[in-house]
Structures are given as C-alpha cells and as structure tokens.
file structure_25.txt (compact mmCIF, C-alpha atoms and all ligand atoms)
# COMPACT_ATOMS: atom_id res chain seq x y z
CA MET H 1 10.64 25.35 -15.44
CA SER H 2 12.58 23.77 -18.23
CA ASP H 3 10.51 22.97 -21.27
CA PHE H 4 10.51 19.57 -22.96
CA ALA H 5 7.21 20.27 -24.72
CA ASP H 6 8.96 20.15 -28.08
CA GLY H 7 10.41 16.71 -27.33
CA PHE H 8 13.96 15.63 -26.69
CA ALA H 9 15.81 16.39 -29.89
CA GLY H 10 19.14 18.01 -29.05
CA LYS H 11 18.83 17.08 -25.36
CA VAL H 12 21.39 14.99 -23.49
CA ALA H 13 20.16 12.37 -21.02
CA LEU H 14 22.00 10.17 -18.52
CA VAL H 15 20.27 6.97 -17.38
CA THR H 16 21.67 5.00 -14.44
CA GLY H 17 20.91 1.31 -14.30
CA GLY H 18 20.35 1.68 -18.02
CA ALA H 19 21.71 -1.74 -18.96
CA SER H 20 18.50 -3.53 -18.03
CA GLY H 21 14.81 -3.32 -17.22
CA ILE H 22 13.25 0.09 -16.54
CA GLY H 23 16.45 2.02 -17.25
CA LEU H 24 16.98 0.33 -20.60
CA ALA H 25 13.33 0.81 -21.62
CA THR H 26 13.59 4.51 -20.75
CA ALA H 27 16.92 4.93 -22.52
CA LYS H 28 15.29 3.41 -25.61
CA LYS H 29 12.32 5.82 -25.49
CA LEU H 30 14.49 8.87 -24.92
CA ARG H 31 16.72 7.81 -27.78
CA GLY H 32 13.67 7.21 -29.99
CA ALA H 33 12.48 10.73 -29.14
CA GLY H 34 15.74 12.20 -30.37
CA ALA H 35 17.84 12.59 -27.22
CA THR H 36 21.52 11.76 -26.98
CA VAL H 37 21.54 9.06 -24.31
CA VAL H 38 24.33 7.93 -22.02
CA VAL H 39 23.61 4.61 -20.34
CA ALA H 40 25.50 4.29 -17.05
CA ASP H 41 25.72 0.97 -15.25
CA VAL H 42 28.07 -1.33 -13.32
CA ASP H 43 27.27 -4.14 -15.72
CA GLU H 44 29.75 -3.34 -18.45
CA ALA H 45 29.07 -6.29 -20.77
CA ARG H 46 25.31 -5.87 -20.87
CA GLY H 47 25.57 -2.10 -20.76
CA LYS H 48 27.82 -1.97 -23.81
CA SER H 49 25.78 -4.37 -25.93
CA GLU H 50 22.39 -2.88 -25.04
CA SER H 51 23.67 0.67 -25.57
CA GLU H 52 25.02 -0.24 -28.96
CA ALA H 53 21.70 -1.83 -29.90
CA ILE H 54 19.73 1.36 -29.15
CA GLY H 55 22.31 3.88 -30.38
CA ALA H 56 23.26 5.11 -26.92
CA GLU H 57 26.68 5.65 -25.40
CA PHE H 58 27.84 3.54 -22.45
CA ALA H 59 29.70 4.72 -19.37
CA ARG H 60 30.72 2.42 -16.54
CA LEU H 61 29.42 3.88 -13.29
CA ASP H 62 28.94 2.55 -9.80
CA VAL H 63 26.32 5.03 -8.57
CA SER H 64 27.41 4.61 -4.95
CA ASP H 65 30.84 6.10 -5.71
CA SER H 66 31.07 9.90 -5.74
CA ALA H 67 34.45 9.95 -7.51
CA GLN H 68 33.01 7.91 -10.38
CA TRP H 69 30.04 10.27 -10.55
CA LYS H 70 32.38 13.24 -11.04
CA GLU H 71 34.31 11.46 -13.74
CA VAL H 72 31.27 10.27 -15.68
CA VAL H 73 29.45 13.61 -15.56
CA SER H 74 32.51 15.58 -16.63
CA GLY H 75 33.02 13.07 -19.48
CA VAL H 76 29.42 13.64 -20.63
CA VAL H 77 29.91 17.40 -20.59
CA GLN H 78 33.18 17.11 -22.51
CA ARG H 79 31.71 14.88 -25.18
CA HIS H 80 28.21 16.36 -25.49
CA GLY H 81 28.54 19.92 -24.24
CA GLY H 82 26.18 19.54 -21.28
CA LEU H 83 23.41 17.54 -19.64
CA ASP H 84 19.65 18.18 -19.62
CA ILE H 85 18.11 15.07 -18.06
CA ALA H 86 19.25 12.60 -15.40
CA PHE H 87 17.26 9.45 -14.71
CA LEU H 88 18.61 8.13 -11.39
CA ASN H 89 17.24 4.64 -11.62
CA ALA H 90 19.87 2.05 -10.60
CA GLY H 91 18.59 -0.08 -7.76
CA VAL H 92 18.95 -3.42 -6.00
CA THR H 93 17.07 -5.48 -3.43
CA THR H 94 18.59 -6.53 -0.09
CA PHE H 95 19.01 -10.17 -1.04
CA PRO H 96 20.00 -11.40 -4.48
CA ALA H 97 17.04 -12.70 -6.45
CA THR H 98 17.40 -16.48 -6.37
CA GLY H 99 13.88 -17.70 -6.94
CA GLU H 100 14.23 -20.21 -4.12
CA GLU H 101 11.46 -18.77 -2.03
CA PHE H 102 8.58 -16.67 -3.27
CA MET H 103 7.95 -13.58 -1.12
CA SER H 104 9.53 -15.16 1.95
CA MET H 105 9.47 -13.38 5.32
CA PHE H 106 12.22 -10.77 5.71
CA ASP H 107 14.85 -11.98 8.19
CA ILE H 108 16.83 -9.00 9.52
CA SER H 109 19.36 -11.36 11.13
CA GLU H 110 20.38 -12.47 7.63
CA VAL H 111 21.27 -8.94 6.52
CA THR H 112 25.07 -8.74 6.54
CA ASP H 113 26.87 -5.41 6.88
CA ALA H 114 27.97 -5.77 3.27
CA ALA H 115 24.42 -6.38 2.01
CA TYR H 116 23.13 -3.41 4.01
CA ARG H 117 25.86 -1.03 2.77
CA ARG H 118 25.34 -2.25 -0.77
CA ILE H 119 21.63 -1.52 -0.93
CA VAL H 120 21.92 1.84 0.82
CA GLY H 121 24.85 2.67 -1.45
CA VAL H 122 22.97 1.94 -4.65
CA ASN H 123 19.41 2.96 -3.79
CA VAL H 124 20.06 5.99 -1.56
CA ASP H 125 23.62 7.21 -2.18
CA GLY H 126 23.06 6.64 -5.90
CA VAL H 127 20.26 9.20 -5.91
CA VAL H 128 21.82 11.71 -3.53
CA LEU H 129 25.34 11.63 -5.03
CA GLY H 130 23.80 11.57 -8.50
CA THR H 131 21.67 14.64 -7.85
CA ARG H 132 24.68 16.46 -6.43
CA ALA H 133 26.84 15.53 -9.40
CA VAL H 134 24.34 16.56 -12.08
CA ALA H 135 22.55 19.59 -10.58
CA SER H 136 25.12 22.28 -11.35
CA VAL H 137 25.74 20.84 -14.81
CA ILE H 138 22.02 20.81 -15.67
CA ALA H 139 21.72 24.33 -14.22
CA ALA H 140 24.51 25.45 -16.56
CA GLN H 141 22.25 24.43 -19.48
CA GLY H 142 19.55 26.75 -18.14
CA GLY H 143 17.67 23.96 -16.39
CA GLY H 144 16.36 20.47 -17.00
CA ALA H 145 14.93 17.44 -15.26
CA ILE H 146 15.95 14.83 -12.72
CA VAL H 147 13.80 11.74 -12.21
CA ALA H 148 14.56 9.12 -9.57
CA THR H 149 13.15 5.62 -9.49
CA ALA H 150 11.60 4.99 -6.09
CA SER H 151 8.93 2.27 -5.91
CA ALA H 152 5.42 1.71 -4.67
CA ALA H 153 7.50 0.46 -1.70
CA GLY H 154 8.40 4.14 -1.23
CA VAL H 155 4.92 4.80 0.12
CA ILE H 156 3.74 1.39 1.31
CA ALA H 157 5.29 -1.06 3.78
CA PHE H 158 6.66 -3.86 1.61
CA ALA H 159 7.23 -6.50 4.30
CA PRO H 160 9.23 -9.00 2.16
CA ASP H 161 12.09 -6.44 2.04
CA ALA H 162 12.04 -3.91 4.88
CA VAL H 163 15.44 -2.42 4.03
CA TYR H 164 14.43 -1.94 0.37
CA THR H 165 11.27 -0.26 1.66
CA MET H 166 13.39 2.05 3.81
CA THR H 167 15.65 3.03 0.90
CA LYS H 168 12.69 3.83 -1.35
CA HIS H 169 11.02 5.91 1.39
CA ALA H 170 14.34 7.78 1.58
CA VAL H 171 14.22 8.51 -2.16
CA VAL H 172 10.64 9.77 -1.79
CA GLY H 173 11.58 12.12 1.06
CA PHE H 174 14.62 13.41 -0.82
CA VAL H 175 12.66 14.11 -4.02
CA ARG H 176 9.91 15.91 -2.12
CA ALA H 177 12.34 18.05 -0.14
CA MET H 178 14.74 18.89 -2.99
CA GLY H 179 12.07 20.42 -5.24
CA PRO H 180 12.13 24.01 -3.99
CA SER H 181 15.92 24.48 -4.01
CA LEU H 182 16.38 22.89 -7.43
CA ALA H 183 13.52 25.01 -8.79
CA GLU H 184 15.77 28.03 -8.16
CA GLN H 185 18.01 26.55 -10.87
CA ASN H 186 15.10 25.74 -13.16
CA ILE H 187 15.49 22.01 -12.48
CA THR H 188 12.57 19.70 -11.77
CA ILE H 189 13.01 16.60 -9.61
CA ASN H 190 10.37 13.91 -9.55
CA ALA H 191 10.08 10.22 -8.74
CA VAL H 192 8.44 7.29 -10.44
CA LEU H 193 6.97 4.69 -8.09
CA PRO H 194 6.44 1.48 -10.05
CA GLY H 195 4.39 -1.48 -8.89
CA ALA H 196 5.72 -4.95 -9.82
CA VAL H 197 7.65 -4.78 -13.10
CA ASP H 198 8.90 -7.84 -14.96
CA THR H 199 12.67 -7.21 -14.96
CA ASN H 200 15.93 -8.89 -13.92
CA ILE H 201 15.63 -7.49 -10.38
CA LEU H 202 13.01 -10.15 -9.70
CA ALA H 203 13.90 -13.74 -8.93
CA PRO H 204 13.58 -16.13 -11.86
CA GLY H 205 10.00 -17.36 -11.97
CA PHE H 206 8.74 -14.55 -9.73
CA ALA H 207 6.73 -12.84 -12.45
CA GLU H 208 4.90 -16.06 -13.35
CA GLN H 209 4.16 -16.88 -9.72
CA ALA H 210 3.02 -13.33 -9.08
CA ARG H 211 0.68 -13.41 -12.07
CA ASP H 212 -0.73 -16.75 -10.84
CA MET H 213 -1.44 -15.08 -7.51
CA GLY H 214 -3.31 -12.26 -9.21
CA VAL H 215 -0.54 -9.63 -8.94
CA ALA H 216 -0.72 -7.37 -12.00
CA MET H 217 2.77 -7.23 -13.54
CA ILE H 218 3.78 -4.18 -15.56
CA ASP H 219 6.01 -4.00 -18.61
CA ALA H 220 9.14 -1.86 -18.22
CA SER H 221 8.14 0.19 -21.26
CA GLU H 222 5.09 1.44 -19.35
CA ILE H 223 7.32 2.74 -16.57
CA ALA H 224 9.44 4.41 -19.24
CA ASP H 225 6.28 6.22 -20.37
CA GLY H 226 5.81 7.30 -16.75
CA VAL H 227 9.35 8.71 -16.69
CA ILE H 228 8.78 10.65 -19.92
CA ASN H 229 5.52 11.94 -18.47
CA ALA H 230 7.30 13.05 -15.27
CA ILE H 231 9.89 14.95 -17.31
CA ARG H 232 7.39 16.61 -19.63
CA GLN H 233 4.91 17.75 -16.96
CA GLY H 234 7.27 20.52 -15.88
CA THR H 235 6.08 20.21 -12.27
CA THR H 236 8.39 19.22 -9.43
CA SER H 237 8.56 16.96 -6.35
CA GLN H 238 5.83 14.72 -7.64
CA LEU H 239 5.56 11.03 -6.88
CA TRP H 240 4.27 9.30 -9.99
CA LEU H 241 2.76 5.95 -9.07
CA CYS H 242 2.98 3.68 -12.11
CA LEU H 243 0.63 0.76 -11.62
CA ALA H 244 -0.76 -1.86 -13.96
CA ASN H 245 -3.62 -0.93 -16.26
CA GLN H 246 -3.75 2.74 -15.35
CA ALA H 247 -2.08 5.97 -16.32
CA PRO H 248 0.63 7.28 -13.93
CA PHE H 249 -0.91 9.39 -11.19
CA ALA H 250 0.64 11.73 -8.64
CA TYR H 251 0.51 10.29 -5.13
CA GLU H 252 -0.08 12.81 -2.37
CA PHE H 253 0.63 12.52 1.33
CA ALA H 254 -1.97 13.78 3.79
CA PRO H 255 -0.95 17.23 5.05
CA VAL H 256 0.51 17.38 8.56
CA GLU H 257 -1.31 20.10 10.50
CA GLY H 258 0.06 21.86 13.56
CA LEU H 259 3.78 21.79 12.73
CA GLY H 260 3.92 25.47 11.93
CA ILE H 261 5.65 24.76 8.62
CA THR H 262 4.20 23.47 5.37
CA SER H 263 4.87 19.74 5.14
CA GLY H 264 4.51 19.26 1.39
CA PRO H 265 6.78 19.92 -1.56
CA GLU H 266 5.30 23.41 -1.84
CA ALA H 267 7.16 24.36 1.39
N1 LIG K 301 11.12 -4.41 -11.14
C1 LIG K 301 10.28 -4.00 -10.20
O1 LIG K 301 9.30 -4.67 -9.82
C2 LIG K 301 10.50 -2.64 -9.57
C3 LIG K 301 9.44 -2.07 -8.84
C4 LIG K 301 9.62 -0.84 -8.26
C5 LIG K 301 10.84 -0.19 -8.38
N2 LIG K 301 11.85 -0.76 -9.08
C6 LIG K 301 13.11 -0.04 -9.18
O2 LIG K 301 13.39 0.19 -10.54
C7 LIG K 301 14.80 0.43 -10.68
C8 LIG K 301 15.32 -0.36 -11.86
O3 LIG K 301 15.20 -1.73 -11.57
P1 LIG K 301 14.75 -2.82 -12.64
O4 LIG K 301 13.51 -3.42 -12.14
O5 LIG K 301 14.81 -2.25 -13.99
O6 LIG K 301 15.90 -3.91 -12.36
P2 LIG K 301 17.11 -4.45 -13.26
O7 LIG K 301 17.84 -5.37 -12.36
O8 LIG K 301 16.58 -4.96 -14.54
O9 LIG K 301 17.98 -3.15 -13.55
C9 LIG K 301 18.75 -2.54 -12.55
C10 LIG K 301 20.07 -2.08 -13.16
O10 LIG K 301 20.81 -1.36 -12.14
C11 LIG K 301 22.17 -1.74 -12.31
N3 LIG K 301 22.92 -1.48 -11.08
C12 LIG K 301 22.92 -2.20 -9.94
N4 LIG K 301 23.79 -1.68 -9.07
C13 LIG K 301 24.36 -0.60 -9.67
C14 LIG K 301 25.34 0.34 -9.29
N5 LIG K 301 25.95 0.28 -8.08
N6 LIG K 301 25.67 1.33 -10.15
C15 LIG K 301 25.10 1.39 -11.37
N7 LIG K 301 24.18 0.51 -11.80
C16 LIG K 301 23.81 -0.46 -10.96
C17 LIG K 301 22.13 -3.21 -12.68
O11 LIG K 301 23.35 -3.64 -13.27
C18 LIG K 301 20.95 -3.24 -13.64
O12 LIG K 301 21.37 -3.02 -14.97
C19 LIG K 301 15.42 0.09 -9.34
O13 LIG K 301 15.68 1.28 -8.62
C20 LIG K 301 14.33 -0.72 -8.65
O14 LIG K 301 14.44 -0.66 -7.25
C21 LIG K 301 11.71 -1.98 -9.68
call {"tool": "encode", "arguments": {"input": "structure_25.txt", "output": "structure tokens"}}
result
Amino acid sequence: MSDFADGFAGKVALVTGGASGIGLATAKKLRGAGATVVVADVDEARGKSESEAIGAEFARLDVSDSAQWKEVVSGVVQRHGGLDIAFLNAGVTTFPATGEEFMSMFDISEVTDAAYRRIVGVNVDGVVLGTRAVASVIAAQGGGAIVATASAAGVIAFAPDAVYTMTKHAVVGFVRAMGPSLAEQNITINAVLPGAVDTNILAPGFAEQARDMGVAMIDASEIADGVINAIRQGTTSQLWLCLANQAPFAYEFAPVEGLGITSGPEA
C-alpha cells in the first residue's frame, strides 16, 4: 500500500467540500504537512478566499457532475503532474439548515424530487463519480489514498434525516466493497464517520442547543486528524468513527455467517 509514513511533502491532495468545515480543516492540515492542496467546492466565493488564506488552490466543482469531475482532475494533473490523495467530503442534509426547529421529526412528504436528487447527487454520486475520476490518476502515481466522509449516520439510524442516513450508509457500503479492487492499484479507500461537528451544515444555534442537551460536539480539526490518520494507516476499507473525546477507532460490522462468501472488506 502507498506509504505516507514520511508525511505529505511533495504529495498532491484534492479536497471536496473544502471551502468550509471538515474539508477546510483537513485542507489546512494537509497543507501544513507539506502537501499541495486543491480545494474543490461549489461555493466559489468562500472557496477562493479560504484557499488563499491557507495557501491552497481553488477549483470550482459540483461533485454530482461527472463532466466537471473530469475537467477538474485533468486540470490538477496538468498543473501538478498527478494526484496522490482525494478526500471526498462534500455533503449536504436533506433540508436546508434553518434553525427553526431543533431535531424535528423527518417528514418524507416534504421531500421534493429536487431535494432528494440534490442530496443523493452530492452525498452518493459525489463519492462514486469522484472515486471513478481519481482512481486511474492516483494509480498512475503508483498508488495513494482516497478517504470519503460518511457519518456516524452511516452506521446508526439517524431518525431526524432518514434520507441523509441512507446516503451515508451508501458511502459506507461503497468504501467497504471498493477496497479489494482498488488495492490492486495500490490505492487505499477509507471513510471517516464523524459524530456531531460544529460546522455550517448545522442550523444556526444547533451546536449550542445540542451542547445544552448533553450532545458532545466535535471540532472540525479533530475530524481532520481522523482523516490524516485514515490516510497514514495504510489499511483499506476501514470505517473510522470520530467521536468526541476519543481517538478515531475502526468500526466493525458483525460478520454474516451462512452466505457462502466473506461479508467483510477482506472479501
Ligand atoms: N457537521 C457534522 O455534524 C457532520 C457529521 C457527520 C458527517 N458530516 C459530513 O461531513 C462532510 C462535510 O460537512 P461539514 O460538516 O464540514 O459541512 P459544511 O457545510 O461546513 O461543508 C460542506 C461543504 O460542501 C460543499 N458542497 C455542498 N454541495 C456541494 C457540491 N455539489 N459540490 C461540491 N461541494 C459542495 C459546501 O459548499 C460546503 O463548503 C459532509 O459530507 C457531511 O455530511 C458532517
């Protein structure tokens, strides 16, 4: 497996959703560790200013659009000679964060076609199309690492957003199943599964209310540490739960006996 034991100097990393929150915190750490970082986001204004502030490059990318993926990845290769790391992190919730209601019941009748396509496009297509776009390019470097941001909602039933829960379960299944084939190209693929992180994805006031209710909020920089850890481990198809006040740990599903095939990432 590709070796990042010596750090990230000379490595090229692409971070989707890098204009804010977990993506930005990770872009900052990778940059600080010597990598050339390309922040990719739909939010051009924030993406440009934040990238400039941390010494990263900005590329406008809607992760749900395969044509844009091709363009952005080929631009990275042209400018930097290749790609070693992809952090597929961009994500949204089903409903925009308004702060009107705290953890209200999920009403499926309120989910418009557009809202449904949007969240599946960003959270699921963004990871699948992203992996497809970067895999051969990372392989051409002799290998590297892909990390996707799932969520604790990728392994628990988060009732306030059932569609979000579905998309994050999809990311978990994809990461687990892609490991063996990408390993043939010396590429690791892992997921980080954060608990509640204080970022712009949350409704205004959510973090305070959550803290008042005893929910342990995590700083985005701690998830960034989890991403770096996932890259440096050199293992693949692992689900790194990143919860408050503890080091990231690899979540494991119970084995399914009686199928006749191995059900885990070691399949
Ligand atoms: N904050 C949390 O509590 C939490 C918990 C678990 C998982 N996550 C996941 O972490 C990831 C990052 O979220 P965050 O909390 O940092 O939120 P954030 O809102 O701060 O950042 C998300 C970024 O993704 C970008 N984005 C949205 N749609 C995009 C698209 N189509 N193409 C490219 N970029 C797009 C946004 O512009 C934004 O910059 C998401 O996948 C989210 O689901 C967040």
call {"tool": "closest_residue", "arguments": {"input": "structure_25.txt", "among": "H:Ile108, H:Ala170, H:Leu241, H:Ile22", "to": "ligand LIG 301 (chain K)", "atoms": "all atoms listed in the file"}}
result
H:Ile22
call {"tool": "atom_distance", "arguments": {"input": "structure_25.txt", "atom1": "atom O1 of ligand LIG 301 (chain K)", "atom2": "CA of Val73 (chain H)"}}
result
27.8 Å
call {"tool": "closest_atom_pairs", "arguments": {"input": "structure_25.txt", "of": "chain H", "to": "ligand LIG 301 (chain K)", "cutoff": "8 Å", "atoms": "all atoms listed in the file", "output": "JSON lines"}}
result
{"residue": "H:Thr16", "atom": "CA", "partner": "K:LIG301", "partner_atom": "N7", "distance": 5.8}
{"residue": "H:Gly17", "atom": "CA", "partner": "K:LIG301", "partner_atom": "O10", "distance": 3.4}
{"residue": "H:Gly18", "atom": "CA", "partner": "K:LIG301", "partner_atom": "O12", "distance": 5.7}
{"residue": "H:Ala19", "atom": "CA", "partner": "K:LIG301", "partner_atom": "O12", "distance": 4.2}
{"residue": "H:Ser20", "atom": "CA", "partner": "K:LIG301", "partner_atom": "O12", "distance": 4.2}
{"residue": "H:Gly21", "atom": "CA", "partner": "K:LIG301", "partner_atom": "O5", "distance": 3.4}
{"residue": "H:Ile22", "atom": "CA", "partner": "K:LIG301", "partner_atom": "O5", "distance": 3.8}
{"residue": "H:Gly23", "atom": "CA", "partner": "K:LIG301", "partner_atom": "O5", "distance": 5.6}
{"residue": "H:Leu24", "atom": "CA", "partner": "K:LIG301", "partner_atom": "O5", "distance": 7.4}
{"residue": "H:Ala40", "atom": "CA", "partner": "K:LIG301", "partner_atom": "C15", "distance": 6.4}
{"residue": "H:Asp41", "atom": "CA", "partner": "K:LIG301", "partner_atom": "N7", "distance": 3.8}
{"residue": "H:Val42", "atom": "CA", "partner": "K:LIG301", "partner_atom": "C15", "distance": 4.5}
{"residue": "H:Asp43", "atom": "CA", "partner": "K:LIG301", "partner_atom": "O11", "distance": 4.6}
{"residue": "H:Arg46", "atom": "CA", "partner": "K:LIG301", "partner_atom": "O12", "distance": 7.6}
{"residue": "H:Gly47", "atom": "CA", "partner": "K:LIG301", "partner_atom": "O12", "distance": 7.2}
{"residue": "H:Arg60", "atom": "CA", "partner": "K:LIG301", "partner_atom": "C15", "distance": 7.7}
{"residue": "H:Leu61", "atom": "CA", "partner": "K:LIG301", "partner_atom": "C15", "distance": 5.3}
{"residue": "H:Asp62", "atom": "CA", "partner": "K:LIG301", "partner_atom": "N6", "distance": 3.5}
{"residue": "H:Val63", "atom": "CA", "partner": "K:LIG301", "partner_atom": "N6", "distance": 4.1}
{"residue": "H:Ser64", "atom": "CA", "partner": "K:LIG301", "partner_atom": "N5", "distance": 5.5}
{"residue": "H:Asp65", "atom": "CA", "partner": "K:LIG301", "partner_atom": "N5", "distance": 8.0}
{"residue": "H:Leu88", "atom": "CA", "partner": "K:LIG301", "partner_atom": "O13", "distance": 7.9}
{"residue": "H:Asn89", "atom": "CA", "partner": "K:LIG301", "partner_atom": "O13", "distance": 4.8}
{"residue": "H:Ala90", "atom": "CA", "partner": "K:LIG301", "partner_atom": "O10", "distance": 3.9}
{"residue": "H:Gly91", "atom": "CA", "partner": "K:LIG301", "partner_atom": "O13", "distance": 3.3}
{"residue": "H:Val92", "atom": "CA", "partner": "K:LIG301", "partner_atom": "O14", "distance": 5.4}
{"residue": "H:Thr93", "atom": "CA", "partner": "K:LIG301", "partner_atom": "O14", "distance": 6.7}
{"residue": "H:Arg118", "atom": "CA", "partner": "K:LIG301", "partner_atom": "N5", "distance": 7.8}
{"residue": "H:Gly121", "atom": "CA", "partner": "K:LIG301", "partner_atom": "N5", "distance": 7.1}
{"residue": "H:Val122", "atom": "CA", "partner": "K:LIG301", "partner_atom": "N5", "distance": 4.8}
{"residue": "H:Asn123", "atom": "CA", "partner": "K:LIG301", "partner_atom": "O13", "distance": 6.3}
{"residue": "H:Gly126", "atom": "CA", "partner": "K:LIG301", "partner_atom": "N6", "distance": 7.3}
{"residue": "H:Ala148", "atom": "CA", "partner": "K:LIG301", "partner_atom": "O13", "distance": 8.0}
{"residue": "H:Thr149", "atom": "CA", "partner": "K:LIG301", "partner_atom": "O13", "distance": 5.1}
{"residue": "H:Ala150", "atom": "CA", "partner": "K:LIG301", "partner_atom": "C5", "distance": 5.7}
{"residue": "H:Ser151", "atom": "CA", "partner": "K:LIG301", "partner_atom": "C4", "distance": 4.0}
{"residue": "H:Ala152", "atom": "CA", "partner": "K:LIG301", "partner_atom": "C4", "distance": 6.1}
{"residue": "H:Ala153", "atom": "CA", "partner": "K:LIG301", "partner_atom": "C4", "distance": 7.0}
{"residue": "H:Tyr164", "atom": "CA", "partner": "K:LIG301", "partner_atom": "O14", "distance": 7.7}
{"residue": "H:Lys168", "atom": "CA", "partner": "K:LIG301", "partner_atom": "O14", "distance": 7.6}
{"residue": "H:Leu193", "atom": "CA", "partner": "K:LIG301", "partner_atom": "C4", "distance": 6.1}
{"residue": "H:Pro194", "atom": "CA", "partner": "K:LIG301", "partner_atom": "C4", "distance": 4.3}
{"residue": "H:Gly195", "atom": "CA", "partner": "K:LIG301", "partner_atom": "C3", "distance": 5.1}
{"residue": "H:Ala196", "atom": "CA", "partner": "K:LIG301", "partner_atom": "O1", "distance": 3.6}
{"residue": "H:Val197", "atom": "CA", "partner": "K:LIG301", "partner_atom": "O1", "distance": 3.7}
{"residue": "H:Asp198", "atom": "CA", "partner": "K:LIG301", "partner_atom": "N1", "distance": 5.6}
{"residue": "H:Thr199", "atom": "CA", "partner": "K:LIG301", "partner_atom": "O8", "distance": 4.5}
{"residue": "H:Asn200", "atom": "CA", "partner": "K:LIG301", "partner_atom": "O8", "distance": 4.0}
{"residue": "H:Ile201", "atom": "CA", "partner": "K:LIG301", "partner_atom": "O7", "distance": 3.6}
{"residue": "H:Leu202", "atom": "CA", "partner": "K:LIG301", "partner_atom": "N1", "distance": 6.2}
{"residue": "H:Met217", "atom": "CA", "partner": "K:LIG301", "partner_atom": "O1", "distance": 7.9}
{"residue": "H:Ile218", "atom": "CA", "partner": "K:LIG301", "partner_atom": "O1", "distance": 8.0}
{"residue": "H:Ala220", "atom": "CA", "partner": "K:LIG301", "partner_atom": "O5", "distance": 7.1}
call {"tool": "closest_residue", "arguments": {"input": "structure_25.txt", "among": "H:Ile119, H:Gln238, H:Ile85, H:Gly226", "to": "Ala139 (chain H)", "atoms": "only C-alpha atoms"}}
result
H:Ile85
call {"tool": "atom_distance", "arguments": {"input": "structure_25.txt", "atom1": "CA of Glu57 (chain H)", "atom2": "CA of Val12 (chain H)"}}
result
10.9 Å
call {"tool": "residues_around", "arguments": {"input": "structure_25.txt", "residues": "Val155 (chain H)", "least_positions_apart": "5", "cutoff": "9 Å", "atoms": "all atoms listed in the file", "output": "list in words"}}
result
Thr165, Lys168, His169, Val172, Leu193, Tyr251 and Phe253 of chain H
call {"tool": "decode", "arguments": {"input": "structure_25.txt", "residues": "region 208-228 of chain H", "atoms": "N, CA and C atoms", "output": "short mmCIF file (atom, residue, chain, number, x, y, z; two decimals), in the first residue's frame"}}
result
data_model
loop_
_atom_site.label_atom_id
_atom_site.label_comp_id
_atom_site.auth_asym_id
_atom_site.auth_seq_id
_atom_site.Cartn_x
_atom_site.Cartn_y
_atom_site.Cartn_z
N GLU H 208 -25.22 25.01 20.00
CA GLU H 208 -25.46 25.43 21.38
C GLU H 208 -26.57 24.57 22.00
N GLN H 209 -27.65 24.39 21.23
CA GLN H 209 -28.76 23.60 21.76
C GLN H 209 -28.32 22.17 22.03
N ALA H 210 -27.51 21.64 21.11
CA ALA H 210 -27.05 20.26 21.27
C ALA H 210 -26.19 20.13 22.52
N ARG H 211 -25.31 21.10 22.71
CA ARG H 211 -24.44 21.08 23.91
C ARG H 211 -25.30 21.12 25.17
N ASP H 212 -26.33 22.01 25.14
CA ASP H 212 -27.23 22.12 26.31
C ASP H 212 -27.91 20.80 26.61
N MET H 213 -28.14 20.01 25.54
CA MET H 213 -28.82 18.72 25.73
C MET H 213 -27.84 17.59 26.03
N GLY H 214 -26.57 17.97 26.18
CA GLY H 214 -25.59 16.95 26.56
C GLY H 214 -24.95 16.24 25.39
N VAL H 215 -25.21 16.71 24.14
CA VAL H 215 -24.56 16.10 22.98
C VAL H 215 -23.14 16.66 22.89
N ALA H 216 -22.16 15.78 22.80
CA ALA H 216 -20.77 16.22 22.74
C ALA H 216 -20.45 16.65 21.31
N MET H 217 -20.20 17.95 21.12
CA MET H 217 -19.86 18.46 19.79
C MET H 217 -18.35 18.32 19.57
N ILE H 218 -17.97 18.10 18.32
CA ILE H 218 -16.56 17.91 17.99
C ILE H 218 -16.09 19.07 17.12
N ASP H 219 -14.83 19.45 17.27
CA ASP H 219 -14.27 20.48 16.43
C ASP H 219 -13.82 19.85 15.10
N ALA H 220 -14.02 20.60 14.01
CA ALA H 220 -13.67 20.06 12.68
C ALA H 220 -12.21 19.63 12.60
N SER H 221 -11.35 20.31 13.35
CA SER H 221 -9.92 19.96 13.27
C SER H 221 -9.66 18.54 13.80
N GLU H 222 -10.52 18.09 14.70
CA GLU H 222 -10.35 16.71 15.20
C GLU H 222 -10.73 15.69 14.13
N ILE H 223 -11.70 16.04 13.31
CA ILE H 223 -12.07 15.13 12.21
C ILE H 223 -10.93 15.12 11.18
N ALA H 224 -10.34 16.30 10.99
CA ALA H 224 -9.19 16.38 10.07
C ALA H 224 -8.08 15.44 10.54
N ASP H 225 -7.85 15.38 11.85
CA ASP H 225 -6.85 14.44 12.39
C ASP H 225 -7.26 13.00 12.05
N GLY H 226 -8.56 12.74 12.12
CA GLY H 226 -9.06 11.40 11.78
C GLY H 226 -8.80 11.06 10.31
N VAL H 227 -8.92 12.07 9.45
CA VAL H 227 -8.68 11.85 8.02
C VAL H 227 -7.19 11.54 7.79
N ILE H 228 -6.33 12.33 8.42
CA ILE H 228 -4.89 12.12 8.29
C ILE H 228 -4.53 10.72 8.80
#
